[in-house]
Amino acid sequence: MLAEAAGAQLAVIDVGLDSEPLGEPSARRVRRGSGVLGSEDVLTASEVAAAIALGRSLADEYVDAGADLLVPCIIGVGASTPAATLVAAVLGDEPAAMTGRGSGIDDNAWMRKCAAVRDGLRRARSRPADPAGILSAAGGVDIAVVTGLVLQAANRRTPVLLDGVAVLAGALVASEVSYAGTDWWWAPQLGDDPAELKAAEALHLTAPTARLRLRLGDGAGALAVLPLFQSMLRLAARTHSQ
């Protein structure tokens with residue numbers, strides 16, 4: 001609905017669901033599901049490389065097809081947990097400071113989430129301090145794909161709207177590869193997840209177009225703000241033509 005209202009094309013890609021492939025099986029699925037955060041590596045080194053390569057190829061595909069703006073979305077229950085772990089690993093913060101309430105979990109669920117972030121962070125910090133190692137220890141297929149996508153979008157000089165804690169976590173990891181990419185990334189709105197706010201601050205994306213405080217992520221905030229961007233561009237074009 002939001003994509004249609006904004007005039008945006010929508011693509012749904014199964015890169016690692018823990019289920020049978022959606023639609024026709026394709027080489028785009030990196031693996032089925034991810035490992036258990038904190039108990040094992042969530043991805044192997046080769047799977048991280050494949051996921052990042054997939055993200056790069058998707059950016060190329062969309063830009064070559066004429067896209068002038070990309071809005072990556074991560075749709076997955078529990079994605080804020082590995083996202084918080086990644087942000088904490090990159091920024092050196094503690095688990096409790098990075099762990100939000102997500103969909104509105106109670107205190108007991110929040111403590112379990114903190115424990116999962118703590119265990120994942122312990123594993124991530126035991127690895128070499130490189131983006132691929134962090135993604136292998138505590139990321140996930142979806143976040144690794146976004147990491148590759150935003151990197152390649154910057155290489156192709158194509159702006160990206162970053163919405164949601166998981167997408168911002170992927171961009172934060174990508175900034176460890178090339179901080180120049182931040183010139184092409186924008187936060188259209190910010191929620192209230194602590195890891196989301198910390199990642200945005202680290203990326204200097206602290207002046208969003210709107211403060212909708214949406215917990216949805218999944219690109220909903222970006223698509224809600226997109227018509228405003230379009231109106232601003234039309235107004236600027238008309239002003240310059242006069």
# chains A, B, ... in the order shown; residues from 1 in each chain; ligands from 1

$ select_by_dssp --residues "region 1-236 of chain A" --states "strand (DSSP E)" --output "list of chain:residue names"
A:Val160, A:Leu161, A:Trp185, A:Trp186

$ closest_atom_pairs --of "region 109-222 of chain A" --to "region 29-38 of chain A" --cutoff "9 Å" --atoms "only C-alpha atoms" --output "JSON lines"
{"residue": "A:Ala116", "atom": "CA", "partner": "A:Gly38", "partner_atom": "CA", "distance": 6.4}
{"residue": "A:Val117", "atom": "CA", "partner": "A:Gly38", "partner_atom": "CA", "distance": 7.6}
{"residue": "A:Arg118", "atom": "CA", "partner": "A:Gly38", "partner_atom": "CA", "distance": 7.8}
{"residue": "A:Asp119", "atom": "CA", "partner": "A:Gly38", "partner_atom": "CA", "distance": 4.4}
{"residue": "A:Gly120", "atom": "CA", "partner": "A:Gly38", "partner_atom": "CA", "distance": 3.9}
{"residue": "A:Leu121", "atom": "CA", "partner": "A:Gly38", "partner_atom": "CA", "distance": 7.4}
{"residue": "A:Arg122", "atom": "CA", "partner": "A:Gly38", "partner_atom": "CA", "distance": 7.5}
{"residue": "A:Arg123", "atom": "CA", "partner": "A:Gly38", "partner_atom": "CA", "distance": 6.3}
{"residue": "A:Ala124", "atom": "CA", "partner": "A:Gly38", "partner_atom": "CA", "distance": 8.6}
{"residue": "A:Ala137", "atom": "CA", "partner": "A:Leu37", "partner_atom": "CA", "distance": 7.8}
{"residue": "A:Ala138", "atom": "CA", "partner": "A:Leu37", "partner_atom": "CA", "distance": 6.1}
{"residue": "A:Gly139", "atom": "CA", "partner": "A:Leu37", "partner_atom": "CA", "distance": 8.3}
{"residue": "A:Gly140", "atom": "CA", "partner": "A:Ser34", "partner_atom": "CA", "distance": 5.9}
{"residue": "A:Val141", "atom": "CA", "partner": "A:Ser34", "partner_atom": "CA", "distance": 6.7}

$ residues_around --residues "Gly76 (chain A)" --least-positions-apart "5" --cutoff "10 Å" --atoms "only C-alpha atoms" --output "PyMOL selection string"
chain A and resi 17+142+166+218

$ closest_residue --among "A:Ala132, A:Leu235, A:Leu149, A:Ala220" --to "Ser46 (chain A)" --atoms "only C-alpha atoms"
A:Ala132

$ closest_atom_pairs --of "region 161-205 of chain A" --to "region 68-72 of chain A" --cutoff "8 Å" --atoms "only C-alpha atoms" --output "CSV"
residue,atom,partner,partner_atom,distance
A:Leu161,CA,A:Val71,CA,5.1
A:Leu162,CA,A:Val71,CA,6.6
A:Asp163,CA,A:Pro72,CA,7.8
A:Val167,CA,A:Pro72,CA,7.0

$ atom_distance --atom1 "CA of Thr44 (chain A)" --atom2 "CA of Gly92 (chain A)"
23.0 Å

$ residues_around --residues "Val165 (chain A)" --least-positions-apart "5" --cutoff "10 Å" --atoms "only C-alpha atoms" --output "PyMOL selection string"
chain A and resi 74+79-84+87+100+102+170-171+190-200+215-218

$ residues_around --residues "Val48 (chain A)" --least-positions-apart "6" --cutoff "7 Å" --atoms "only C-alpha atoms" --output "ChimeraX atom specification"
/A:132,135-136,144

$ write_last_selection --atoms "all heavy atoms" --output "JSON list (two decimals), in the first residue's frame"
[["chain", "number", "residue", "atom", "x", "y", "z"],
["A", 132, "ALA", "N", 33.49, -8.42, 7.81],
["A", 132, "ALA", "CA", 33.08, -9.78, 7.47],
["A", 132, "ALA", "C", 33.06, -10.68, 8.70],
["A", 132, "ALA", "O", 32.15, -11.50, 8.87],
["A", 132, "ALA", "CB", 34.02, -10.36, 6.41],
["A", 135, "LEU", "N", 29.94, -9.85, 10.80],
["A", 135, "LEU", "CA", 28.73, -10.38, 10.17],
["A", 135, "LEU", "C", 28.66, -11.90, 10.33],
["A", 135, "LEU", "O", 27.58, -12.45, 10.52],
["A", 135, "LEU", "CB", 28.69, -10.00, 8.69],
["A", 135, "LEU", "CG", 28.37, -8.54, 8.38],
["A", 135, "LEU", "CD1", 28.60, -8.25, 6.90],
["A", 135, "LEU", "CD2", 26.92, -8.20, 8.75],
["A", 136, "SER", "N", 29.79, -12.55, 10.23],
["A", 136, "SER", "CA", 29.81, -14.00, 10.39],
["A", 136, "SER", "C", 29.42, -14.40, 11.80],
["A", 136, "SER", "O", 28.64, -15.33, 12.00],
["A", 136, "SER", "CB", 31.21, -14.53, 10.05],
["A", 136, "SER", "OG", 31.29, -15.93, 10.31],
["A", 144, "ALA", "N", 23.56, -8.91, 6.00],
["A", 144, "ALA", "CA", 24.75, -8.95, 5.14],
["A", 144, "ALA", "C", 24.41, -8.54, 3.71],
["A", 144, "ALA", "O", 25.20, -7.86, 3.05],
["A", 144, "ALA", "CB", 25.37, -10.35, 5.16]]

$ closest_residue --among "A:Thr158, A:Asp60, A:Ala187, A:Gly55" --to "Thr206 (chain A)" --atoms "only C-alpha atoms"
A:Ala187
